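Below is one structure, written out as structure tokens, with a few remarks after it.
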Amino acid sequence: MSRGGRRDANGEVVGVSVVTRGDRRLRLSHVFAVAATLATLAAVRVGTLGLVAGICGALVLGVGLVRRSHGVVALAGVVLFAATVLVAAGPGGLVATLVGAFGAVLAADFGTFAIGLGRDVDASVATTRVEALHAVGSLTVALLAGGLGYALFTVVPTGSTVGVVALLFAAVVLAVVLRA
Amino acid sequence: MNLRRLLVPVGVLAAAVGGAFTLRPGLVPDLPLTTLFVLGVWAVGLAGAGLAVLGRLTDRGSGTGRLPTAGERPDYPVPGDTLAGRVVAVGASERDAAERDRLRDRIRDAAVAVLARSAGLTDADALARVGAGDWTDDAEAAALFSGGDGRHDHVETGFASRVERAATAVADRFESGRRATSDPVGRDTDGEAVDGEAIDGESPRSGPSERVTLDLDPGDERVERTGRWRGVQGLALLVAAVGILVGAPLVVLSGVVGVAFAAYAHVWDAPTPALAVERSVSESDPRPGEHVEVTVSVRNRGDRLLPDLRICDDVPAGLRVVEGAPRHTTALRPGKRATVSYTVEAVRGEHEFDSLSVVTRDLSGASRRVARLPTESETVTCRPAFGERAISLGDLATLLPGRTDAAETGSGVAFHSLREYRRGDPLGSIDWGQLAKTGEFATRRFDEPRLVRVVLLVDTRAEAYVTADRRHRRPAVDVCTCAAGALASGLLEDGALVGLATLGPRSCWIPAGSGRDHRERLLDTLTTHDAFDWDPPDGVAGVSVDETDPEPVVSVSRVVRSAAASEDGGVTMADAPAGGRSVAVSDGGELADADMDGSDPAEAANDLLDDVVTRLPGDAQVVVCSPLVDDGVAAAVRQLDARGHDVLVASPDLSGSGTPYRRLASVERRLRLDSLRRDGVSVHEWTPPVDSTADAGWSM
């Protein structure tokens, strides 16, 4: 348990940031987050710019996981995603784009899940089952959506920008509306 | 809701158009309208996405959405900490001028009293010197009272730093004065200063951690969004916009990720937990300090999987977990069971386990259902051996014969004095020896032991929930309760009738009595009555108890009183601070801030005492057990004294150290005690051990 904390000018402890015993434990979700990051890195390796951004994202993720910061891990997800976008706009192929994009989001998802769990329970509690279930859920969504995207992109010969935009728009609007 | 109904057809239409365009690109010619639509979506997407992503990144993910914590005592403040909070919160603007004046007056009162005492000045002279600013070498501290008097220029910068310097100066001056003179008379020095090092040293337990509570009553529940996937829709829009801008279809495609997860986050709501909860404790009647193992077992009796179940046992306030954890997270299939077990350290009180905090989340983690499930009640009752403590009482006694020496003469066995014979004196009381010696009749008088009635008045107001040590977190109320127990036993042993009452919103009254059963009843009440609970009254956790300001009336009454005592310059003395203050109050016309915290302690004392004085017998002595961290109790003591009761104050010293405000609070308390002593109230003071299990009652 941490003895650290904010101290005021007189060296008096005025508050201790939430560092509980659970925080120092390596959880399954940490491993998943790193694996997802590696997948993204593998996908973006075809473009130099993308690879550089991807490595930056991986480093940010590492920092976020070590410091147990939700915000930093989310930022890492955004950076990894940006790396994917860079590659998709340049030399990247269809599969690389999908793997990179989903890898980025999953990395942030698993990372923040691990941090939230660390705050909610102590180190002694085994959380493998919850984490595995969460990972399966997210992975399923990623595979389904990725497969759908892949099919859409390959089946429709030239693709229509307007169509894709309209679909995106529809999906977002419906998602917001259907929130009970 | 209406907006939603409008949006549904929009969404469906967009989906249909999008599908049609995607499958048959040539269906609609490339009209300007289409381009406009694309551009519009692009602009909206970019703006919305930027905001959403930004929002997500700045969200630290803490605070809301957390599982409550348990197994730590409420975070009681150290005397002075609330003052520090008020000083930090006060601004430089005109709006805060009244609050600044209240704070300034509070510190001025302390400065005047300390100066008067250390330099041997009258209050009026001390006030003049404080106003002139030559009471301290620290110019910044002196400027708090002398620099234009702040009351007229309504904007003031650097106030907090001046207050801090002034508090330091007051405390320094007080302490140097104390070192020069000996300890004040009457200080009970038998309590060894156990806490001196423990406060600053490392303790076996960790430092205070943030306390999270559910704002729910047992049986209530609510559903919340965790905001976990917030920003992902924005990401989708952003990427689509960028893709269209650069003309890269693959980039647009990558936006599908955002869409997918945004939809995923809205598919399910967190499931309702249908749980069967069983709880058992290893020992329901432990001794203080004994470890008690608590086992909680939950079974999913619903027919749905709970993909993410987080539970936290509602450990009663006061008990702290020493081993294991009362929190657990698991996934539970229907019919399956999860067990949590942890160990708490028993302390005084009747602790009831009767609810369980439960948080379920859906698979995506986007929504969570927070509930407090009522469970079967399991009670742990820890009765300390309060010990015995004798105390020398005042002279007030009942008319009944008893065992306590009172200042009464009459029939008895111990010789008191001789007096002239009066007609009707019994023959047996005539001192025949005296007659032989002097030839005159004289009557022998004897001490007549009387029965003394004592009511122990324990301060259980929210203000009394302070502690000297934030690691052990033993509140003053617990210290006073233990002291009251020791006093009750000691006084009963000495043959007094002992009653019990509380000074606080949670009322408790036991009329004075004697005998073994009565003693048991008193000690049982001190153990189990909720007035002596570990949770402050109306207080949820987090305890933001405000110390009441030492407000107008007390300082006025103090000045007036000392004026009456010294008789010289009464007018100026009564005038100066009282006049200034009453102007500030009536002028400002802001009763609102007067009500906020700085309520009149005399009135507050009236309210507090209302309940007590109606039941308090006129011949009862009163022992007030209070940490005396504010003027409310001091005013109550004076009122009881004025009503003719002999009042004794038993006050544990729970002063903190380290910050100027804690030192100032300690000085204020000491001044309060001294002022009570000057008024003839007997004050007994001791330093309690920081750990509640370290002593039984009042350590000798």
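Each chain in the structure tokens gets a letter, A, B and so on, in the order shown; residues start at 1 in every chain, and ligands are counted from 1 in the order they appear.
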
What's around range 131-138 of chain A at 9 Å? Count only C-alpha atoms, leave out sequence neighbours fewer than 3 positions away in its own chain, and write the answer as an mmCIF file with N, CA, C and O atoms, in the first residue's frame.
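Below is the file that was written, out-v2.cif:
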data_model
loop_
_atom_site.group_PDB
_atom_site.id
_atom_site.type_symbol
_atom_site.label_atom_id
_atom_site.label_comp_id
_atom_site.auth_asym_id
_atom_site.auth_seq_id
_atom_site.Cartn_x
_atom_site.Cartn_y
_atom_site.Cartn_z
ATOM 1 N N ARG A 27 -2.842 -7.869 -13.918
ATOM 2 C CA ARG A 27 -4.093 -8.560 -14.212
ATOM 3 C C ARG A 27 -4.110 -9.018 -15.658
ATOM 4 O O ARG A 27 -3.358 -8.541 -16.502
ATOM 5 N N LEU A 28 -5.039 -9.936 -15.900
ATOM 6 C CA LEU A 28 -5.185 -10.514 -17.235
ATOM 7 C C LEU A 28 -5.410 -9.414 -18.271
ATOM 8 O O LEU A 28 -4.861 -9.453 -19.382
ATOM 9 N N SER A 29 -6.198 -8.406 -17.890
ATOM 10 C CA SER A 29 -6.529 -7.339 -18.837
ATOM 11 C C SER A 29 -5.297 -6.543 -19.251
ATOM 12 O O SER A 29 -5.250 -6.009 -20.352
ATOM 13 N N PHE A 32 -3.935 -8.512 -22.018
ATOM 14 C CA PHE A 32 -4.777 -8.341 -23.210
ATOM 15 C C PHE A 32 -4.503 -6.988 -23.872
ATOM 16 O O PHE A 32 -4.437 -6.886 -25.101
ATOM 17 N N LEU A 106 -9.482 -1.835 -28.585
ATOM 18 C CA LEU A 106 -9.444 -2.905 -27.582
ATOM 19 C C LEU A 106 -8.346 -2.659 -26.541
ATOM 20 O O LEU A 106 -8.525 -2.937 -25.354
ATOM 21 N N ASP A 109 -9.706 -0.281 -24.208
ATOM 22 C CA ASP A 109 -10.788 -0.929 -23.448
ATOM 23 C C ASP A 109 -10.222 -1.825 -22.340
ATOM 24 O O ASP A 109 -10.573 -1.686 -21.166
ATOM 25 N N PHE A 110 -9.318 -2.703 -22.716
ATOM 26 C CA PHE A 110 -8.752 -3.632 -21.726
ATOM 27 C C PHE A 110 -7.958 -2.876 -20.667
ATOM 28 O O PHE A 110 -8.000 -3.188 -19.475
ATOM 29 N N PHE A 113 -10.244 -1.091 -18.299
ATOM 30 C CA PHE A 113 -10.962 -2.083 -17.491
ATOM 31 C C PHE A 113 -10.073 -2.572 -16.342
ATOM 32 O O PHE A 113 -10.514 -2.698 -15.196
ATOM 33 N N ALA A 114 -8.819 -2.826 -16.668
ATOM 34 C CA ALA A 114 -7.890 -3.297 -15.641
ATOM 35 C C ALA A 114 -7.724 -2.242 -14.541
ATOM 36 O O ALA A 114 -7.703 -2.566 -13.351
ATOM 37 N N LEU A 117 -10.822 -2.038 -12.366
ATOM 38 C CA LEU A 117 -10.885 -3.215 -11.503
ATOM 39 C C LEU A 117 -9.912 -3.065 -10.331
ATOM 40 O O LEU A 117 -10.223 -3.400 -9.190
ATOM 41 N N THR A 127 -9.668 -12.035 -10.376
ATOM 42 C CA THR A 127 -10.714 -11.450 -11.222
ATOM 43 C C THR A 127 -10.655 -12.010 -12.643
ATOM 44 O O THR A 127 -11.225 -11.426 -13.559
ATOM 45 N N THR A 128 -9.946 -13.115 -12.796
ATOM 46 C CA THR A 128 -9.725 -13.660 -14.138
ATOM 47 C C THR A 128 -11.036 -13.868 -14.887
ATOM 48 O O THR A 128 -11.136 -13.555 -16.077
ATOM 49 N N VAL A 141 -17.523 -8.401 -30.456
ATOM 50 C CA VAL A 141 -18.007 -7.209 -31.162
ATOM 51 C C VAL A 141 -17.018 -6.811 -32.244
ATOM 52 O O VAL A 141 -17.395 -6.516 -33.389
ATOM 53 N N ALA A 142 -15.723 -6.829 -31.895
ATOM 54 C CA ALA A 142 -14.700 -6.431 -32.851
ATOM 55 C C ALA A 142 -14.708 -7.351 -34.067
ATOM 56 O O ALA A 142 -14.649 -6.894 -35.217
ATOM 57 N N LEU A 143 -14.797 -8.659 -33.817
ATOM 58 C CA LEU A 143 -14.759 -9.611 -34.939
ATOM 59 C C LEU A 143 -15.989 -9.458 -35.830
ATOM 60 O O LEU A 143 -15.880 -9.435 -37.059
ATOM 61 N N PHE B 261 -18.666 -0.146 -31.407
ATOM 62 C CA PHE B 261 -18.598 -0.108 -29.951
ATOM 63 C C PHE B 261 -19.624 0.850 -29.351
ATOM 64 O O PHE B 261 -20.092 0.648 -28.236
ATOM 65 N N TYR B 264 -22.546 -1.282 -29.194
ATOM 66 C CA TYR B 264 -22.319 -2.308 -28.171
ATOM 67 C C TYR B 264 -22.623 -1.753 -26.791
ATOM 68 O O TYR B 264 -23.226 -2.414 -25.929
ATOM 69 N N PRO B 307 -22.489 -10.815 -15.513
ATOM 70 C CA PRO B 307 -21.145 -10.860 -16.103
ATOM 71 C C PRO B 307 -20.109 -10.108 -15.273
ATOM 72 O O PRO B 307 -18.924 -10.401 -15.348
ATOM 73 N N ASP B 308 -20.540 -9.135 -14.517
ATOM 74 C CA ASP B 308 -19.584 -8.357 -13.743
ATOM 75 C C ASP B 308 -20.276 -7.929 -12.456
ATOM 76 O O ASP B 308 -20.992 -6.940 -12.424
ATOM 77 N N THR B 330 -16.644 -10.590 -9.254
ATOM 78 C CA THR B 330 -16.659 -11.885 -9.928
ATOM 79 C C THR B 330 -17.770 -11.896 -10.974
ATOM 80 O O THR B 330 -18.581 -10.977 -11.050
ATOM 81 N N ALA B 331 -17.778 -12.939 -11.779
ATOM 82 C CA ALA B 331 -18.906 -13.182 -12.689
ATOM 83 C C ALA B 331 -19.663 -14.373 -12.100
ATOM 84 O O ALA B 331 -19.053 -15.349 -11.695
ATOM 85 N N LEU B 363 -21.939 -6.377 -19.905
ATOM 86 C CA LEU B 363 -20.710 -6.941 -20.446
ATOM 87 C C LEU B 363 -19.771 -5.846 -20.963
ATOM 88 O O LEU B 363 -18.553 -5.925 -20.793
ATOM 89 N N SER B 364 -20.342 -4.823 -21.582
ATOM 90 C CA SER B 364 -19.487 -3.779 -22.147
ATOM 91 C C SER B 364 -18.971 -2.830 -21.063
ATOM 92 O O SER B 364 -18.034 -2.090 -21.294
ATOM 93 N N GLY B 365 -19.602 -2.857 -19.915
ATOM 94 C CA GLY B 365 -19.188 -1.963 -18.840
ATOM 95 C C GLY B 365 -19.751 -0.565 -18.991
ATOM 96 O O GLY B 365 -19.354 0.352 -18.270
#

Non-local contacts of Thr84 in chain A (8 Å; only C-alpha atoms; under 4 positions in same chain excluded) as a VMD selection string: chain A and resid 40 43 to 44 50 54 80 88 97 100 to 101

What would the file look like if the residues just selected were written as a PDB file, in the first residue's frame with all heavy atoms?
ATOM      1  N   THR A  40      -1.979  -3.983 -33.193  1.00  0.00           N
ATOM      2  CA  THR A  40      -2.034  -2.710 -33.918  1.00  0.00           C
ATOM      3  C   THR A  40      -0.668  -2.372 -34.510  1.00  0.00           C
ATOM      4  O   THR A  40      -0.552  -1.954 -35.665  1.00  0.00           O
ATOM      5  CB  THR A  40      -2.485  -1.582 -32.979  1.00  0.00           C
ATOM      6  OG1 THR A  40      -3.728  -1.935 -32.404  1.00  0.00           O
ATOM      7  CG2 THR A  40      -2.635  -0.266 -33.722  1.00  0.00           C
ATOM      8  N   ALA A  43      -0.029  -4.271 -37.483  1.00  0.00           N
ATOM      9  CA  ALA A  43      -0.818  -3.818 -38.619  1.00  0.00           C
ATOM     10  C   ALA A  43      -0.256  -2.543 -39.223  1.00  0.00           C
ATOM     11  O   ALA A  43      -0.334  -2.338 -40.435  1.00  0.00           O
ATOM     12  CB  ALA A  43      -2.267  -3.602 -38.176  1.00  0.00           C
ATOM     13  N   VAL A  44       0.302  -1.671 -38.383  1.00  0.00           N
ATOM     14  CA  VAL A  44       0.744  -0.374 -38.913  1.00  0.00           C
ATOM     15  C   VAL A  44       2.217  -0.376 -39.335  1.00  0.00           C
ATOM     16  O   VAL A  44       2.739   0.654 -39.726  1.00  0.00           O
ATOM     17  CB  VAL A  44       0.520   0.767 -37.881  1.00  0.00           C
ATOM     18  CG1 VAL A  44      -0.947   0.895 -37.541  1.00  0.00           C
ATOM     19  CG2 VAL A  44       1.369   0.553 -36.643  1.00  0.00           C
ATOM     20  N   GLY A  50       3.098   5.760 -39.660  1.00  0.00           N
ATOM     21  CA  GLY A  50       2.154   5.020 -38.827  1.00  0.00           C
ATOM     22  C   GLY A  50       2.882   4.246 -37.738  1.00  0.00           C
ATOM     23  O   GLY A  50       2.438   4.213 -36.589  1.00  0.00           O
ATOM     24  N   GLY A  54       2.469   4.568 -33.920  1.00  0.00           N
ATOM     25  CA  GLY A  54       2.070   3.363 -33.182  1.00  0.00           C
ATOM     26  C   GLY A  54       2.972   3.120 -31.985  1.00  0.00           C
ATOM     27  O   GLY A  54       2.494   2.786 -30.885  1.00  0.00           O
ATOM     28  N   LEU A  80      -2.931   5.295 -30.969  1.00  0.00           N
ATOM     29  CA  LEU A  80      -2.838   4.066 -31.770  1.00  0.00           C
ATOM     30  C   LEU A  80      -3.820   4.125 -32.942  1.00  0.00           C
ATOM     31  O   LEU A  80      -3.514   3.719 -34.064  1.00  0.00           O
ATOM     32  CB  LEU A  80      -3.138   2.844 -30.896  1.00  0.00           C
ATOM     33  CG  LEU A  80      -2.032   2.433 -29.924  1.00  0.00           C
ATOM     34  CD1 LEU A  80      -2.535   1.342 -28.985  1.00  0.00           C
ATOM     35  CD2 LEU A  80      -0.800   1.940 -30.676  1.00  0.00           C
ATOM     36  N   ALA A  88      -3.923   3.762 -43.016  1.00  0.00           N
ATOM     37  CA  ALA A  88      -5.054   3.509 -43.909  1.00  0.00           C
ATOM     38  C   ALA A  88      -5.098   4.553 -45.022  1.00  0.00           C
ATOM     39  O   ALA A  88      -5.485   4.260 -46.146  1.00  0.00           O
ATOM     40  CB  ALA A  88      -6.355   3.521 -43.112  1.00  0.00           C
ATOM     41  N   THR A  97      -5.962  -2.196 -41.810  1.00  0.00           N
ATOM     42  CA  THR A  97      -6.784  -1.110 -41.266  1.00  0.00           C
ATOM     43  C   THR A  97      -7.716  -1.625 -40.176  1.00  0.00           C
ATOM     44  O   THR A  97      -7.796  -1.062 -39.084  1.00  0.00           O
ATOM     45  CB  THR A  97      -7.623  -0.468 -42.381  1.00  0.00           C
ATOM     46  OG1 THR A  97      -6.743  -0.027 -43.403  1.00  0.00           O
ATOM     47  CG2 THR A  97      -8.435   0.698 -41.849  1.00  0.00           C
ATOM     48  N   GLY A 100      -5.717  -2.869 -37.100  1.00  0.00           N
ATOM     49  CA  GLY A 100      -5.143  -1.728 -36.388  1.00  0.00           C
ATOM     50  C   GLY A 100      -6.203  -0.969 -35.609  1.00  0.00           C
ATOM     51  O   GLY A 100      -6.025  -0.648 -34.430  1.00  0.00           O
ATOM     52  N   ALA A 101      -7.330  -0.684 -36.266  1.00  0.00           N
ATOM     53  CA  ALA A 101      -8.374   0.114 -35.622  1.00  0.00           C
ATOM     54  C   ALA A 101      -8.959  -0.618 -34.419  1.00  0.00           C
ATOM     55  O   ALA A 101      -9.087  -0.057 -33.325  1.00  0.00           O
ATOM     56  CB  ALA A 101      -9.467   0.450 -36.621  1.00  0.00           C
TER      57      ALA A 101
END

Pick from B:Ala263, B:Cys312, B:Val298, B:Leu457, whichever lies nearest to Ala145 in chain A using only C-alpha atoms: B:Ala263

Can you work out the spacing between CA of Leu456 in chain B and CA of Gly515 in chain B in Å, to one decimal?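 CA of Gly515 in chain B lies at a distance of 16.3 Å from CA of Leu456 in chain B.
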
Find the residue from A:Arg67, A:Arg25, A:His30, A:Arg119 that sits nearest to chain B; use only C-alpha atoms when measuring.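 Closest residue, counting only C-alpha atoms: A:Arg119.
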
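Among B:Ala338, B:Ala390, B:Ala414, B:Val212, the residue with the shortest atom-to-atom distance to Leu306 in chain B, counting only C-alpha atoms, is B:Ala338.
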
What lies within 8 Å of Pro273 in chain B using only C-alpha atoms, ignoring chain neighbours under 6 positions off, as number ranges by chain? B: 300, 302, 306, 358, 360

Write out as JSON, numbers by chain all residues of range 339-478 of chain B that DSSP puts in strand (DSSP E) for this structure's backbone. {"B": [339, 340, 341, 342, 343, 344, 345, 349, 350, 351, 352, 353, 354, 355, 356, 357, 358, 359, 360, 361, 367, 368, 369, 370, 371, 372, 373, 374, 375, 376, 377, 378, 379, 380, 381, 382, 401, 402, 403, 404, 409, 410, 411, 412, 413, 414, 415, 416, 417, 418, 419, 420, 442, 443, 444, 445, 446, 447, 450, 453, 454, 455, 456, 457, 458, 459]}

Need to verify the contact set: Ser118 in chain B, 8 Å, only C-alpha atoms, exclusion of same-chain residues closer than 4 positions in sequence. Can you return it as a PyMOL selection string? chain B and resi 114+173-174+177

Residues within 9 Å of Gly111 in chain A, please, as a VMD selection string. Count only C-alpha atoms; anything in the same chain fewer than 3 positions from it doesn't count. chain A and resid 29 to 34 61 64 to 65 68 70 73 to 74 106 to 108 114 to 116

I need the residues from that last selection saved to file as a PDB file, in the first residue's frame (with N, CA, C and O atoms), if you can.
ATOM      1  N   SER A  29      -6.198  -8.406 -17.890  1.00  0.00           N
ATOM      2  CA  SER A  29      -6.529  -7.339 -18.837  1.00  0.00           C
ATOM      3  C   SER A  29      -5.297  -6.543 -19.251  1.00  0.00           C
ATOM      4  O   SER A  29      -5.250  -6.009 -20.352  1.00  0.00           O
ATOM      5  N   HIS A  30      -4.315  -6.455 -18.355  1.00  0.00           N
ATOM      6  CA  HIS A  30      -3.067  -5.790 -18.738  1.00  0.00           C
ATOM      7  C   HIS A  30      -2.439  -6.525 -19.918  1.00  0.00           C
ATOM      8  O   HIS A  30      -1.989  -5.928 -20.892  1.00  0.00           O
ATOM      9  N   VAL A  31      -2.417  -7.851 -19.796  1.00  0.00           N
ATOM     10  CA  VAL A  31      -1.823  -8.669 -20.853  1.00  0.00           C
ATOM     11  C   VAL A  31      -2.611  -8.498 -22.155  1.00  0.00           C
ATOM     12  O   VAL A  31      -2.034  -8.317 -23.237  1.00  0.00           O
ATOM     13  N   PHE A  32      -3.935  -8.512 -22.018  1.00  0.00           N
ATOM     14  CA  PHE A  32      -4.777  -8.341 -23.210  1.00  0.00           C
ATOM     15  C   PHE A  32      -4.503  -6.988 -23.872  1.00  0.00           C
ATOM     16  O   PHE A  32      -4.437  -6.886 -25.101  1.00  0.00           O
ATOM     17  N   ALA A  33      -4.367  -5.974 -23.051  1.00  0.00           N
ATOM     18  CA  ALA A  33      -4.146  -4.633 -23.600  1.00  0.00           C
ATOM     19  C   ALA A  33      -2.837  -4.589 -24.371  1.00  0.00           C
ATOM     20  O   ALA A  33      -2.762  -4.019 -25.466  1.00  0.00           O
ATOM     21  N   VAL A  34      -1.811  -5.218 -23.808  1.00  0.00           N
ATOM     22  CA  VAL A  34      -0.517  -5.232 -24.494  1.00  0.00           C
ATOM     23  C   VAL A  34      -0.626  -6.028 -25.788  1.00  0.00           C
ATOM     24  O   VAL A  34      -0.104  -5.620 -26.845  1.00  0.00           O
ATOM     25  N   LEU A  61       0.598   3.980 -23.714  1.00  0.00           N
ATOM     26  CA  LEU A  61      -0.189   2.940 -23.040  1.00  0.00           C
ATOM     27  C   LEU A  61       0.585   2.370 -21.850  1.00  0.00           C
ATOM     28  O   LEU A  61       0.036   2.165 -20.764  1.00  0.00           O
ATOM     29  N   GLY A  64       0.466   4.793 -19.106  1.00  0.00           N
ATOM     30  CA  GLY A  64      -0.881   4.814 -18.516  1.00  0.00           C
ATOM     31  C   GLY A  64      -1.125   3.614 -17.619  1.00  0.00           C
ATOM     32  O   GLY A  64      -1.691   3.739 -16.534  1.00  0.00           O
ATOM     33  N   LEU A  65      -0.663   2.443 -18.072  1.00  0.00           N
ATOM     34  CA  LEU A  65      -0.892   1.237 -17.266  1.00  0.00           C
ATOM     35  C   LEU A  65      -0.075   1.267 -15.985  1.00  0.00           C
ATOM     36  O   LEU A  65      -0.536   0.857 -14.926  1.00  0.00           O
ATOM     37  N   ARG A  68      -1.537   3.859 -13.741  1.00  0.00           N
ATOM     38  CA  ARG A  68      -2.952   3.579 -13.444  1.00  0.00           C
ATOM     39  C   ARG A  68      -3.829   4.778 -13.776  1.00  0.00           C
ATOM     40  O   ARG A  68      -4.662   5.205 -12.970  1.00  0.00           O
ATOM     41  N   HIS A  70      -6.656   6.376 -16.167  1.00  0.00           N
ATOM     42  CA  HIS A  70      -7.681   6.196 -17.190  1.00  0.00           C
ATOM     43  C   HIS A  70      -7.415   7.087 -18.400  1.00  0.00           C
ATOM     44  O   HIS A  70      -7.439   6.652 -19.535  1.00  0.00           O
ATOM     45  N   VAL A  73      -4.443   6.114 -20.627  1.00  0.00           N
ATOM     46  CA  VAL A  73      -4.711   4.908 -21.414  1.00  0.00           C
ATOM     47  C   VAL A  73      -5.666   5.227 -22.574  1.00  0.00           C
ATOM     48  O   VAL A  73      -5.477   4.764 -23.706  1.00  0.00           O
ATOM     49  N   ALA A  74      -6.683   6.052 -22.293  1.00  0.00           N
ATOM     50  CA  ALA A  74      -7.599   6.442 -23.364  1.00  0.00           C
ATOM     51  C   ALA A  74      -6.841   7.215 -24.446  1.00  0.00           C
ATOM     52  O   ALA A  74      -7.063   7.023 -25.646  1.00  0.00           O
ATOM     53  N   LEU A 106      -9.482  -1.835 -28.585  1.00  0.00           N
ATOM     54  CA  LEU A 106      -9.444  -2.905 -27.582  1.00  0.00           C
ATOM     55  C   LEU A 106      -8.346  -2.659 -26.541  1.00  0.00           C
ATOM     56  O   LEU A 106      -8.525  -2.937 -25.354  1.00  0.00           O
ATOM     57  N   ALA A 107      -7.211  -2.134 -27.019  1.00  0.00           N
ATOM     58  CA  ALA A 107      -6.121  -1.861 -26.076  1.00  0.00           C
ATOM     59  C   ALA A 107      -6.594  -0.885 -25.005  1.00  0.00           C
ATOM     60  O   ALA A 107      -6.379  -1.087 -23.799  1.00  0.00           O
ATOM     61  N   ALA A 108      -7.278   0.186 -25.450  1.00  0.00           N
ATOM     62  CA  ALA A 108      -7.780   1.159 -24.479  1.00  0.00           C
ATOM     63  C   ALA A 108      -8.852   0.532 -23.589  1.00  0.00           C
ATOM     64  O   ALA A 108      -8.891   0.765 -22.378  1.00  0.00           O
ATOM     65  N   ALA A 114      -8.819  -2.826 -16.668  1.00  0.00           N
ATOM     66  CA  ALA A 114      -7.890  -3.297 -15.641  1.00  0.00           C
ATOM     67  C   ALA A 114      -7.724  -2.242 -14.541  1.00  0.00           C
ATOM     68  O   ALA A 114      -7.703  -2.566 -13.351  1.00  0.00           O
ATOM     69  N   ILE A 115      -7.650  -0.997 -14.957  1.00  0.00           N
ATOM     70  CA  ILE A 115      -7.443   0.067 -13.962  1.00  0.00           C
ATOM     71  C   ILE A 115      -8.677   0.204 -13.063  1.00  0.00           C
ATOM     72  O   ILE A 115      -8.572   0.303 -11.839  1.00  0.00           O
ATOM     73  N   GLY A 116      -9.853   0.184 -13.696  1.00  0.00           N
ATOM     74  CA  GLY A 116     -11.088   0.277 -12.914  1.00  0.00           C
ATOM     75  C   GLY A 116     -11.202  -0.862 -11.924  1.00  0.00           C
ATOM     76  O   GLY A 116     -11.574  -0.677 -10.763  1.00  0.00           O
TER      77      GLY A 116
END

Quick one: distance from CA of Ser411 in chain B to CA of Glu448 in chain B in Å, one decimal?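 Those two atoms sit 5.6 Å apart.
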
I'd like the neighbourhood of Asp524 in chain B as a ChimeraX atom specification, where a residue qualifies if any of its atoms comes within 12 Å (using only C-alpha atoms), though same-chain residues fewer than 4 positions away should be ignored. /B:348-350,381-386,481-482,484-485,488,500,510,517-520,528-530,532

Looking at B:Asp215, B:Arg279, B:Val359, B:Val112, which one is nearest to Asp125 in chain B, with distances taken over only C-alpha atoms?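 Closest to Asp125 in chain B, using only C-alpha atoms: B:Val112.
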
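The two atoms in question, CA of Pro68 in chain B and CA of Ala464 in chain B, are spaced 25.6 Å apart.
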